[in-house]
file start.cif (mmCIF, C-alpha atoms)
data_target
#
loop_
_atom_site.label_atom_id
_atom_site.label_comp_id
_atom_site.auth_asym_id
_atom_site.auth_seq_id
_atom_site.Cartn_x
_atom_site.Cartn_y
_atom_site.Cartn_z
CA MET J 24 25.08 10.40 6.50
CA PHE J 25 22.46 11.29 3.91
CA ALA J 26 20.32 14.43 3.77
CA ALA J 27 16.67 14.52 4.78
CA GLU J 28 15.46 14.95 1.21
CA ASP J 29 17.44 11.84 0.18
CA GLU J 30 15.89 9.86 3.02
CA GLU J 31 12.44 10.88 1.82
CA ASP J 32 13.22 9.92 -1.77
CA LEU J 33 14.70 6.60 -0.72
CA PHE J 34 12.10 5.45 1.73
CA ALA J 35 8.80 7.08 0.74
CA ALA J 36 8.02 4.78 -2.20
CA LEU J 37 6.84 1.20 -2.02
CA PRO J 38 8.67 -1.45 -4.02
CA SER J 39 6.96 -2.05 -7.38
CA ALA J 40 6.20 -5.75 -6.70
CA LEU J 41 4.16 -4.92 -3.62
CA ARG J 42 2.37 -2.07 -5.40
CA GLU J 43 1.34 -4.44 -8.15
CA ALA J 44 0.21 -7.08 -5.65
CA LEU J 45 -1.93 -4.55 -3.77
CA GLU J 46 -3.27 -2.67 -6.75
CA PHE J 47 -6.75 -4.18 -6.91
CA GLY J 48 -6.80 -7.01 -4.38
CA SER J 49 -9.77 -9.29 -4.88
CA ALA J 50 -11.89 -7.72 -7.58
CA PRO J 51 -15.64 -8.10 -7.22
CA VAL J 52 -17.19 -10.89 -9.20
CA GLU J 53 -20.68 -11.43 -10.54
CA ARG J 54 -22.10 -14.10 -8.30
CA ASP J 55 -25.07 -16.23 -9.30
CA ARG J 56 -25.00 -14.83 -12.85
CA GLU J 57 -25.21 -18.27 -14.43
CA SER J 58 -28.06 -19.37 -12.21
CA LEU J 59 -29.94 -16.14 -12.87
CA ASP J 60 -29.49 -16.55 -16.63
CA LYS J 61 -30.76 -20.12 -16.48
CA SER J 62 -33.81 -19.21 -14.42
CA SER J 63 -34.71 -16.32 -16.70
CA THR J 64 -34.47 -18.41 -19.93
CA GLY J 65 -35.69 -21.81 -18.78
CA SER J 66 -38.56 -23.18 -20.91
CA ASP J 67 -39.54 -26.14 -18.75
CA ARG J 68 -41.52 -23.83 -16.43
CA SER J 69 -43.43 -21.97 -19.15
CA ASP J 70 -46.69 -23.14 -17.60
CA SER J 71 -46.10 -20.95 -14.53
CA PRO J 72 -44.33 -17.71 -15.55
CA PRO J 73 -45.05 -15.89 -12.28
CA ARG J 74 -43.14 -18.51 -10.32
CA VAL J 75 -40.08 -18.14 -12.58
CA LYS J 76 -40.16 -14.37 -12.15
CA ASN J 77 -40.46 -14.58 -8.39
CA LYS J 78 -37.63 -17.07 -8.18
CA THR J 79 -35.37 -14.71 -10.12
CA ARG J 80 -36.23 -11.84 -7.81
CA ARG J 81 -35.62 -14.00 -4.74
CA GLY J 82 -32.29 -15.06 -6.21
CA ARG J 83 -31.29 -11.46 -6.72
CA ARG J 84 -32.31 -10.47 -3.21
CA SER J 85 -30.44 -13.46 -1.81
CA ALA J 86 -27.32 -12.51 -3.77
CA GLU J 87 -27.51 -8.98 -2.43
CA ARG J 88 -27.83 -10.30 1.13
CA ARG J 89 -24.73 -12.43 0.57
CA GLY J 90 -22.81 -9.32 -0.49
CA ALA J 91 -22.58 -9.87 -4.25
CA PRO J 92 -22.12 -6.47 -5.96
CA PRO J 93 -24.80 -5.41 -8.46
CA ARG J 94 -23.93 -5.94 -12.10
CA ALA J 95 -23.76 -2.21 -12.70
CA ALA J 96 -21.09 -1.84 -10.00
CA VAL J 97 -19.06 -4.71 -11.47
CA GLU J 98 -19.19 -3.25 -14.95
CA LEU J 99 -18.30 0.21 -13.65
CA ASN J 100 -15.33 -1.24 -11.82
CA ARG J 101 -14.10 -2.80 -15.04
CA ARG J 102 -14.24 0.61 -16.69
CA TYR J 103 -12.24 2.23 -13.88
CA ALA J 104 -9.70 -0.61 -13.92
CA ALA J 105 -9.14 -0.17 -17.66
CA CYS J 106 -8.18 3.52 -17.32
CA THR J 107 -4.64 4.37 -18.34
CA ASN J 108 -4.51 7.97 -17.11
CA ALA J 109 -6.05 10.19 -14.46
CA GLU J 110 -8.23 12.14 -16.87
CA GLU J 111 -10.05 8.98 -17.94
CA VAL J 112 -10.82 8.15 -14.31
CA LEU J 113 -12.13 11.63 -13.57
CA ARG J 114 -14.24 11.66 -16.73
CA ILE J 115 -15.88 8.35 -15.84
CA TYR J 116 -16.53 9.61 -12.31
CA ALA J 117 -18.18 12.77 -13.66
CA GLU J 118 -20.40 10.68 -15.94
CA LYS J 119 -21.13 7.59 -13.85
CA GLY J 120 -20.07 8.28 -10.26
CA VAL J 121 -19.33 5.32 -8.00
CA ARG J 122 -21.63 2.58 -6.73
CA ASN J 123 -19.70 0.90 -3.92
CA ASP J 124 -16.46 0.90 -1.94
CA VAL J 125 -14.63 -1.20 -4.53
CA ASN J 126 -15.41 1.38 -7.23
CA VAL J 127 -13.97 4.13 -5.02
CA ALA J 128 -10.82 2.15 -4.19
CA THR J 129 -10.24 1.26 -7.85
CA ALA J 130 -10.79 4.87 -8.93
CA PHE J 131 -8.25 6.13 -6.37
CA THR J 132 -5.78 3.42 -7.36
CA ARG J 133 -5.96 4.30 -11.05
CA LEU J 134 -5.73 8.02 -10.25
CA ALA J 135 -2.52 7.47 -8.28
CA ARG J 136 -1.06 5.26 -10.97
CA GLY J 137 -2.17 7.51 -13.83
CA ALA J 138 -0.76 10.63 -12.16
CA GLY J 139 2.61 9.00 -11.57
CA GLY J 140 2.17 8.51 -7.84
CA ASP J 141 4.75 5.70 -7.97
CA SER J 142 7.49 8.09 -9.09
CA ARG J 143 9.49 10.66 -7.19
CA GLY J 144 10.31 13.35 -9.75
CA ARG J 145 9.04 16.91 -9.69
CA GLY J 146 6.91 16.29 -12.78
CA GLN J 147 5.09 13.43 -11.09
CA ARG J 148 4.53 15.45 -7.92
CA ASP J 149 3.05 18.26 -10.02
CA ALA J 150 0.76 15.78 -11.79
CA CYS J 151 -0.49 14.46 -8.45
CA ARG J 152 -1.13 18.01 -7.26
CA ARG J 153 -3.17 18.78 -10.39
CA VAL J 154 -5.31 15.71 -9.74
CA ARG J 155 -5.92 16.74 -6.13
CA GLN J 156 -6.95 20.24 -7.23
CA ASP J 157 -9.45 18.97 -9.82
CA PRO J 158 -13.09 19.56 -8.72
CA ARG J 159 -14.00 16.05 -9.84
CA PHE J 160 -11.39 14.55 -7.53
CA LYS J 161 -12.65 16.69 -4.69
CA GLY J 162 -16.16 15.36 -5.34
CA LEU J 163 -14.94 11.77 -5.27
CA LEU J 164 -12.96 12.42 -2.09
CA GLU J 165 -15.99 13.99 -0.39
CA GLU J 166 -18.18 11.05 -1.36
CA ALA J 167 -15.59 8.62 -0.02
CA CYS J 168 -15.18 10.58 3.20
CA MET J 169 -18.88 10.28 3.99
CA SER J 170 -18.93 6.52 3.38
CA PHE J 171 -15.56 5.32 4.79
CA PRO J 172 -17.28 3.89 7.93
CA GLU J 173 -19.18 1.46 5.69
CA TYR J 174 -16.14 0.25 3.72
CA GLY J 175 -14.66 -3.22 3.92
CA PRO J 176 -11.05 -3.63 5.16
CA GLN J 177 -9.59 -4.23 1.71
CA ALA J 178 -11.19 -1.10 0.25
CA LEU J 179 -10.02 0.98 3.23
CA ALA J 180 -6.45 -0.28 2.83
CA ASN J 181 -6.41 0.38 -0.91
CA CYS J 182 -7.88 3.86 -0.46
CA ALA J 183 -5.27 4.73 2.19
CA HIS J 184 -2.45 3.45 -0.02
CA SER J 185 -3.61 5.45 -3.04
CA LEU J 186 -4.27 8.68 -1.14
CA ALA J 187 -0.75 8.51 0.28
CA ARG J 188 0.70 7.97 -3.19
CA LEU J 189 -1.22 11.01 -4.43
CA GLY J 190 0.25 13.10 -1.62
CA CYS J 191 -3.11 13.91 -0.02
CA GLY J 192 -3.11 15.85 3.23
CA GLY J 193 -2.34 19.40 2.22
CA ASP J 194 -5.73 21.11 2.50
CA ALA J 195 -8.61 20.99 4.96
CA GLN J 196 -10.72 18.57 2.93
CA GLU J 197 -7.85 16.11 2.51
CA ARG J 198 -7.01 16.25 6.21
CA ARG J 199 -10.67 15.62 7.07
CA ALA J 200 -10.72 12.66 4.68
CA TRP J 201 -7.67 11.20 6.43
CA ARG J 202 -9.32 11.62 9.83
CA CYS J 203 -12.43 9.79 8.60
CA LEU J 204 -10.32 7.04 7.05
CA VAL J 205 -8.19 6.62 10.17
CA GLU J 206 -11.27 6.37 12.41
CA SER J 207 -12.73 3.72 10.11
CA ALA J 208 -9.43 1.84 10.02
CA GLU J 209 -9.29 1.81 13.83
CA ALA J 210 -12.59 -0.06 13.83
CA SER J 211 -11.33 -2.55 11.22
CA CYS J 212 -7.83 -3.35 12.54
CA THR J 213 -8.57 -6.95 13.42
CA LYS J 214 -10.15 -7.51 9.99
CA PHE J 215 -7.16 -6.39 7.92
CA SER J 216 -5.09 -9.12 6.34
CA ALA J 217 -1.37 -9.06 7.13
CA ARG J 218 -0.65 -7.24 3.88
CA GLU J 219 -3.52 -4.78 4.28
CA GLY J 220 -2.37 -3.85 7.77
CA VAL J 221 1.14 -3.09 6.50
CA ASN J 222 -0.39 -1.13 3.64
CA VAL J 223 -2.36 1.08 6.04
CA ALA J 224 0.66 1.59 8.30
CA TRP J 225 2.82 2.60 5.33
CA ALA J 226 0.16 4.98 4.01
CA CYS J 227 -0.31 6.75 7.34
CA ALA J 228 3.44 7.00 7.94
CA THR J 229 3.99 8.37 4.43
CA ALA J 230 1.18 10.91 4.78
CA ARG J 231 2.33 11.80 8.31
CA THR J 232 -1.11 11.08 9.67
CA GLY J 233 -2.75 8.32 11.70
CA SER J 234 -3.28 8.02 15.42
CA ALA J 235 -1.54 6.32 18.30
CA THR J 236 -4.61 4.13 18.67
CA LEU J 237 -4.43 3.00 15.06
CA PHE J 238 -0.68 2.36 14.99
CA ASP J 239 -0.72 0.49 18.29
CA ALA J 240 -3.59 -1.72 17.11
CA LEU J 241 -1.85 -2.32 13.77
CA ALA J 242 1.35 -3.21 15.63
CA VAL J 243 -0.46 -5.88 17.67
CA GLU J 244 -1.95 -7.36 14.50
CA CYS J 245 1.39 -7.16 12.70
CA GLU J 246 3.04 -9.15 15.51
CA ARG J 247 0.38 -11.81 15.24
CA LYS J 248 0.39 -12.02 11.44
CA ALA J 249 4.11 -11.47 10.78
CA PRO J 250 4.70 -15.04 9.51
CA ARG J 251 2.33 -14.29 6.62
CA LEU J 252 4.36 -11.30 5.41
CA ASN J 253 6.83 -11.62 2.56
CA ALA J 254 10.32 -10.11 2.59
CA GLN J 255 9.27 -6.77 1.11
CA GLU J 256 6.34 -6.43 3.48
CA LEU J 257 8.55 -7.12 6.52
CA SER J 258 10.90 -4.35 5.41
CA ILE J 259 8.03 -1.95 4.74
CA ALA J 260 6.41 -2.71 8.09
CA ALA J 261 9.64 -1.90 9.92
CA TRP J 262 10.04 1.34 7.98
CA ALA J 263 6.41 2.40 8.56
CA PHE J 264 6.32 1.91 12.32
CA ALA J 265 9.78 3.44 12.79
CA THR J 266 8.93 6.46 10.66
CA ALA J 267 5.66 6.99 12.50
CA GLY J 268 7.48 6.85 15.84
CA ARG J 269 5.32 3.92 16.97
CA ALA J 270 7.95 1.16 16.93
CA THR J 271 7.87 -1.21 19.88
CA GLU J 272 10.72 -3.49 20.85
CA ARG J 273 8.38 -6.47 20.89
CA LEU J 274 7.15 -5.83 17.34
CA PHE J 275 10.66 -5.27 16.03
CA ARG J 276 11.91 -8.45 17.67
CA VAL J 277 9.17 -10.38 15.90
CA LEU J 278 9.92 -8.70 12.55
CA ALA J 279 13.66 -9.39 12.99
CA ALA J 280 13.04 -13.08 13.72
CA GLU J 281 10.96 -13.37 10.55
CA ALA J 282 13.28 -11.28 8.37
CA ALA J 283 16.70 -12.67 9.31
CA PRO J 284 16.28 -16.08 7.60
CA ARG J 285 14.88 -14.36 4.49
CA VAL J 286 17.48 -11.64 3.96
CA GLY J 287 18.73 -13.56 0.95
CA THR J 288 15.50 -12.65 -0.86
CA PHE J 289 15.77 -8.91 -0.05
CA ASN J 290 16.40 -6.43 -2.83
CA GLU J 291 18.76 -3.52 -2.15
CA GLN J 292 15.95 -1.24 -1.00
CA ASN J 293 14.77 -3.88 1.47
CA LEU J 294 18.31 -4.18 2.84
CA SER J 295 18.82 -0.45 3.36
CA ASN J 296 15.23 0.23 4.48
CA THR J 297 15.43 -2.47 7.13
CA ALA J 298 18.75 -1.29 8.51
CA TYR J 299 17.52 2.31 8.50
CA ALA J 300 14.29 1.38 10.30
CA TYR J 301 16.08 -0.40 13.15
CA VAL J 302 18.45 2.53 13.61
CA LEU J 303 15.51 4.95 13.66
CA ALA J 304 13.58 2.75 16.10
CA GLY J 305 16.57 2.36 18.38
CA VAL J 306 16.11 -1.41 18.54
CA ARG J 307 19.14 -3.69 18.31
CA ALA J 308 18.76 -6.88 16.31
CA PRO J 309 22.20 -8.53 16.09
CA GLU J 310 21.16 -11.62 14.15
CA LEU J 311 19.26 -9.54 11.58
CA PHE J 312 22.16 -7.11 11.16
CA ASP J 313 24.60 -10.02 10.80
CA ALA J 314 22.43 -11.42 7.99
CA VAL J 315 22.11 -8.01 6.31
CA ALA J 316 25.88 -7.46 6.54
CA ARG J 317 26.66 -10.85 4.96
CA GLU J 318 24.18 -10.30 2.14
CA ALA J 319 25.28 -6.72 1.46
CA ALA J 320 28.97 -7.71 1.43
CA ALA J 321 28.29 -10.53 -1.03
CA ARG J 322 26.32 -8.25 -3.34
CA ALA J 323 28.34 -5.04 -2.89
CA GLU J 324 29.23 -4.82 -6.58
CA GLU J 325 25.53 -4.90 -7.51
CA LEU J 326 24.34 -2.31 -4.99
CA SER J 327 23.72 1.29 -5.98
CA ALA J 328 25.81 4.11 -4.53
CA GLN J 329 22.82 5.25 -2.47
CA ALA J 330 22.28 1.79 -0.99
CA LEU J 331 25.97 1.45 -0.11
CA ALA J 332 25.97 4.86 1.59
CA ASN J 333 22.80 4.14 3.55
CA LEU J 334 24.07 0.79 4.76
CA ALA J 335 27.38 2.34 5.77
CA TRP J 336 25.54 5.01 7.74
CA ALA J 337 23.24 2.49 9.45
CA PHE J 338 26.05 0.14 10.53
CA ALA J 339 28.30 2.99 11.63
CA THR J 340 25.47 4.53 13.65
CA THR J 341 24.69 1.30 15.48
CA ARG J 342 28.40 0.39 15.78
CA HIS J 343 27.46 -3.15 14.81
CA PRO J 344 30.58 -5.24 14.14
CA ALA J 345 30.61 -6.24 10.47
CA PRO J 346 34.23 -6.41 9.25
CA GLY J 347 33.31 -8.20 6.02
CA LEU J 348 30.85 -5.47 5.09
CA TYR J 349 33.28 -2.68 5.95
CA VAL J 350 35.96 -4.24 3.73
CA ALA J 351 33.46 -4.55 0.87
CA LEU J 352 32.34 -0.93 1.30
CA ALA J 353 35.93 0.31 1.30
CA ASP J 354 36.66 -1.73 -1.81
CA GLN J 355 33.67 -0.25 -3.64
CA ALA J 356 34.66 3.26 -2.59
CA GLU J 357 38.11 2.69 -4.07
CA ARG J 358 36.83 1.11 -7.27
CA ARG J 359 34.00 3.50 -8.04
CA GLY J 360 35.66 6.66 -6.78
CA GLN J 361 33.94 9.86 -7.85
CA ALA J 362 31.19 7.88 -9.58
CA LEU J 363 29.70 7.37 -6.12
CA GLY J 364 29.21 11.09 -5.64
CA ALA J 365 30.68 13.30 -2.95
CA GLN J 366 27.83 12.82 -0.47
CA ASN J 367 27.87 9.01 -0.78
CA LEU J 368 31.65 8.93 -0.54
CA ALA J 369 31.46 10.94 2.67
CA SER J 370 29.13 8.32 4.15
CA LEU J 371 31.48 5.52 3.15
#

call {"tool": "encode", "arguments": {"input": "start.cif", "output": "structure tokens"}}
result
Amino acid sequence: MFAAEDEEDLFAALPSALREALEFGSAPVERDRESLDKSSTGSDRSDSPPRVKNKTRRGRRSAERRGAPPRAAVELNRRYAACTNAEEVLRIYAEKGVRNDVNVATAFTRLARGAGGDSRGRGQRDACRRVRQDPRFKGLLEEACMSFPEYGPQALANCAHSLARLGCGGDAQERRAWRCLVESAEASCTKFSAREGVNVAWACATARTGSATLFDALAVECERKAPRLNAQELSIAAWAFATAGRATERLFRVLAAEAAPRVGTFNEQNLSNTAYAYVLAGVRAPELFDAVAREAAARAEELSAQALANLAWAFATTRHPAPGLYVALADQAERRGQALGAQNLASL
């Protein structure tokens, strides 16, 4: 059985493919730009300039009513998205601020990425802590906290994901920001896409925050939208709800039914995360565990020592019959020997 710090290292980070898919979501676009350019340069209406001017203004007002972001916000978002480190993001914020929820979400995303929020080493954790202690970050967080109720579901999900990656939650301001974000997310649960809902659940579980109301509402939506989740997202959803202590048998039955036919597409972290989540939730899923056992046995030579140990622990804890897997685990223990490490060998 693995130690608590190993569990945290193994399960606290999202798979890279999902992080990349969620990084910016649907970026804002300049709507009606072509039509505005045409109306402002057209020469066929030179006999009535006031009418051309009024039409342009009406077009701009109409675009704003339809939700098109102002050009300044679009351009600012491009600058945030181009940042390669946290200092660039904070410098732009100090100079230009933010103009809408997408700017805030992009700034947080680039801060988490630039500070190494996707990594687990001590150096990366220290870098995230330095970002959180920077007065400019605190200003951005305060501005976001006051406007979370007005944010769209995608921006809320991306903000939650990035704040969790940065390790936010240690001081009073960060805890207040999480409370504001959670309250806003509760009001937007039915609006989250399947992926966004999983993203919020993962973020709250990772940050050890959230509310029973939020997790229960997310669970209902996850049940309904489970067919839209990919293999990684199914694994992450199971981990998030189990870790938060809000797993329901009904939700986990739905996730198992969706995941079992797709176990062949799981990577090793998906395999071990899923098995771990069902053990933690206390929900038995024989067909899913049969599929995981077959896949793990077939790929035993490719699996890391940590993955082998975690799978051995999960199957031994549930006492699920998987003779093929147990033979493969024993074979790997014999072949790799001390290369597996004493702790992993003990699990095997």

call {"tool": "residues_around", "arguments": {"input": "start.cif", "residues": "J:Val350", "least_positions_apart": "2", "cutoff": "12 Å", "atoms": "all atoms listed in the file", "output": "list in words"}}
result
Ala316, Arg317, Ala319, Ala320, Ala321, Ala323, Ala335, Pro344, Ala345, Pro346, Gly347, Leu348, Leu352, Ala353, Asp354, Gln355, Ala356, Glu357 and Leu371 of chain J

call {"tool": "axis_aligned_box", "arguments": {"input": "start.cif", "around": "stretch 283-292 of chain J", "padding_each_side": "5 Å", "output": "JSON"}}
result
{"center_x": 16.8, "center_y": -8.7, "center_z": 3.2, "size_x": 13.9, "size_y": 24.8, "size_z": 22.1}

call {"tool": "residues_around", "arguments": {"input": "start.cif", "residues": "J:Arg285", "least_positions_apart": "2", "cutoff": "12 Å", "atoms": "all atoms listed in the file", "output": "list in words"}}
result
Pro250, Leu252, Asn253, Ala254, Gln255, Glu256, Leu257, Ser258, Leu278, Ala279, Ala280, Glu281, Ala282, Ala283, Gly287, Thr288, Phe289, Asn290, Asn293, Leu294, Glu310, Leu311, Ala314, Val315 and Glu318 of chain J

call {"tool": "closest_residue", "arguments": {"input": "start.cif", "among": "J:Arg322, J:Arg114, J:Lys248, J:His184", "to": "J:Ala224", "atoms": "all atoms listed in the file"}}
result
J:His184

call {"tool": "closest_residue", "arguments": {"input": "start.cif", "among": "J:Val286, J:Gln147, J:Ala260, J:Leu274", "to": "J:Ala300", "atoms": "only C-alpha atoms"}}
result
J:Ala260

call {"tool": "resolve_selection", "arguments": {"input": "start.cif", "expression": "the PyMOL selection byres ((chain J and resi 273) around 12)", "output": "list of chain:residue names"}}
result
J:Asp239, J:Ala242, J:Val243, J:Cys245, J:Glu246, J:Arg247, J:Ala261, J:Arg269, J:Ala270, J:Thr271, J:Glu272, J:Leu274, J:Phe275, J:Arg276, J:Val277, J:Leu278, J:Ala279, J:Ala280, J:Ala304, J:Val306, J:Arg307, J:Ala308

call {"tool": "write_last_selection", "arguments": {"input": "start.cif", "atoms": "C-alpha atoms", "output": "PDB file, keeping the file's coordinate frame"}}
result
ATOM      1  CA  ASP J 239      -0.720   0.490  18.290  1.00  0.00           C
ATOM      2  CA  ALA J 242       1.350  -3.210  15.630  1.00  0.00           C
ATOM      3  CA  VAL J 243      -0.460  -5.880  17.670  1.00  0.00           C
ATOM      4  CA  CYS J 245       1.390  -7.160  12.700  1.00  0.00           C
ATOM      5  CA  GLU J 246       3.040  -9.150  15.510  1.00  0.00           C
ATOM      6  CA  ARG J 247       0.380 -11.810  15.240  1.00  0.00           C
ATOM      7  CA  ALA J 261       9.640  -1.900   9.920  1.00  0.00           C
ATOM      8  CA  ARG J 269       5.320   3.920  16.970  1.00  0.00           C
ATOM      9  CA  ALA J 270       7.950   1.160  16.930  1.00  0.00           C
ATOM     10  CA  THR J 271       7.870  -1.210  19.880  1.00  0.00           C
ATOM     11  CA  GLU J 272      10.720  -3.490  20.850  1.00  0.00           C
ATOM     12  CA  LEU J 274       7.150  -5.830  17.340  1.00  0.00           C
ATOM     13  CA  PHE J 275      10.660  -5.270  16.030  1.00  0.00           C
ATOM     14  CA  ARG J 276      11.910  -8.450  17.670  1.00  0.00           C
ATOM     15  CA  VAL J 277       9.170 -10.380  15.900  1.00  0.00           C
ATOM     16  CA  LEU J 278       9.920  -8.700  12.550  1.00  0.00           C
ATOM     17  CA  ALA J 279      13.660  -9.390  12.990  1.00  0.00           C
ATOM     18  CA  ALA J 280      13.040 -13.080  13.720  1.00  0.00           C
ATOM     19  CA  ALA J 304      13.580   2.750  16.100  1.00  0.00           C
ATOM     20  CA  VAL J 306      16.110  -1.410  18.540  1.00  0.00           C
ATOM     21  CA  ARG J 307      19.140  -3.690  18.310  1.00  0.00           C
ATOM     22  CA  ALA J 308      18.760  -6.880  16.310  1.00  0.00           C
TER      23      ALA J 308
END

call {"tool": "residues_around", "arguments": {"input": "start.cif", "residues": "J:Asn126", "least_positions_apart": "2", "cutoff": "8 Å", "atoms": "only C-alpha atoms", "output": "number ranges by chain"}}
result
J: 96, 99-100, 103, 121-124, 128-130

call {"tool": "atom_distance", "arguments": {"input": "start.cif", "atom1": "atom CA of J:Val154", "atom2": "atom CA of J:Ala109"}}
result
7.3 Å

call {"tool": "closest_residue", "arguments": {"input": "start.cif", "among": "J:Asn222, J:Thr229, J:Thr213, J:Ser207", "to": "J:Cys191", "atoms": "only C-alpha atoms"}}
result
J:Thr229

call {"tool": "atom_distance", "arguments": {"input": "start.cif", "atom1": "atom CA of J:Asp313", "atom2": "atom CA of J:Phe338"}}
result
10.3 Å

call {"tool": "atom_distance", "arguments": {"input": "start.cif", "atom1": "atom CA of J:Val125", "atom2": "atom CA of J:Ala267"}}
result
27.7 Å

call {"tool": "closest_residue", "arguments": {"input": "start.cif", "among": "J:Val302, J:Ala104, J:Val112, J:Ala138", "to": "J:Asn333", "atoms": "only C-alpha atoms"}}
result
J:Val302

call {"tool": "residues_around", "arguments": {"input": "start.cif", "residues": "J:Arg153", "least_positions_apart": "4", "cutoff": "12 Å", "atoms": "only C-alpha atoms", "output": "MDAnalysis selection string"}}
result
chainID J and resid 109:110 113 134:135 137:140 146:149 157:161 189:191

call {"tool": "closest_residue", "arguments": {"input": "start.cif", "among": "J:Asp194, J:Glu325, J:Glu209, J:Glu118", "to": "J:Ala235", "atoms": "all atoms listed in the file"}}
result
J:Glu209

call {"tool": "closest_residue", "arguments": {"input": "start.cif", "among": "J:Val223, J:Ala217, J:Val205, J:Ala150", "to": "J:Ser185", "atoms": "all atoms listed in the file"}}
result
J:Val223

call {"tool": "residues_around", "arguments": {"input": "start.cif", "residues": "J:Thr266", "least_positions_apart": "4", "cutoff": "12 Å", "atoms": "only C-alpha atoms", "output": "list of chain:residue names"}}
result
J:Glu30, J:Glu31, J:Phe34, J:Ala35, J:Ala224, J:Trp225, J:Ala226, J:Cys227, J:Ala228, J:Thr229, J:Ala230, J:Arg231, J:Thr232, J:Gly233, J:Phe238, J:Ile259, J:Ala260, J:Ala261, J:Trp262, J:Ala270, J:Asn296, J:Thr297, J:Tyr299, J:Ala300, J:Tyr301, J:Val302, J:Leu303, J:Ala304, J:Gly305

call {"tool": "resolve_selection", "arguments": {"input": "start.cif", "expression": "the PyMOL selection byres ((chain J and resi 168-175) around 10)", "output": "CSV table (one decimal) with C-alpha atoms, in the coordinates of the input"}}
result
chain,number,residue,atom,x,y,z
J,123,ASN,CA,-19.7,0.9,-3.9
J,124,ASP,CA,-16.5,0.9,-1.9
J,125,VAL,CA,-14.6,-1.2,-4.5
J,127,VAL,CA,-14.0,4.1,-5.0
J,128,ALA,CA,-10.8,2.2,-4.2
J,162,GLY,CA,-16.2,15.4,-5.3
J,163,LEU,CA,-14.9,11.8,-5.3
J,164,LEU,CA,-13.0,12.4,-2.1
J,165,GLU,CA,-16.0,14.0,-0.4
J,166,GLU,CA,-18.2,11.0,-1.4
J,167,ALA,CA,-15.6,8.6,0.0
J,176,PRO,CA,-11.0,-3.6,5.2
J,177,GLN,CA,-9.6,-4.2,1.7
J,178,ALA,CA,-11.2,-1.1,0.2
J,179,LEU,CA,-10.0,1.0,3.2
J,180,ALA,CA,-6.4,-0.3,2.8
J,182,CYS,CA,-7.9,3.9,-0.5
J,196,GLN,CA,-10.7,18.6,2.9
J,197,GLU,CA,-7.8,16.1,2.5
J,199,ARG,CA,-10.7,15.6,7.1
J,200,ALA,CA,-10.7,12.7,4.7
J,201,TRP,CA,-7.7,11.2,6.4
J,202,ARG,CA,-9.3,11.6,9.8
J,203,CYS,CA,-12.4,9.8,8.6
J,204,LEU,CA,-10.3,7.0,7.0
J,205,VAL,CA,-8.2,6.6,10.2
J,206,GLU,CA,-11.3,6.4,12.4
J,207,SER,CA,-12.7,3.7,10.1
J,208,ALA,CA,-9.4,1.8,10.0
J,210,ALA,CA,-12.6,-0.1,13.8
J,211,SER,CA,-11.3,-2.6,11.2
J,214,LYS,CA,-10.2,-7.5,10.0
J,215,PHE,CA,-7.2,-6.4,7.9
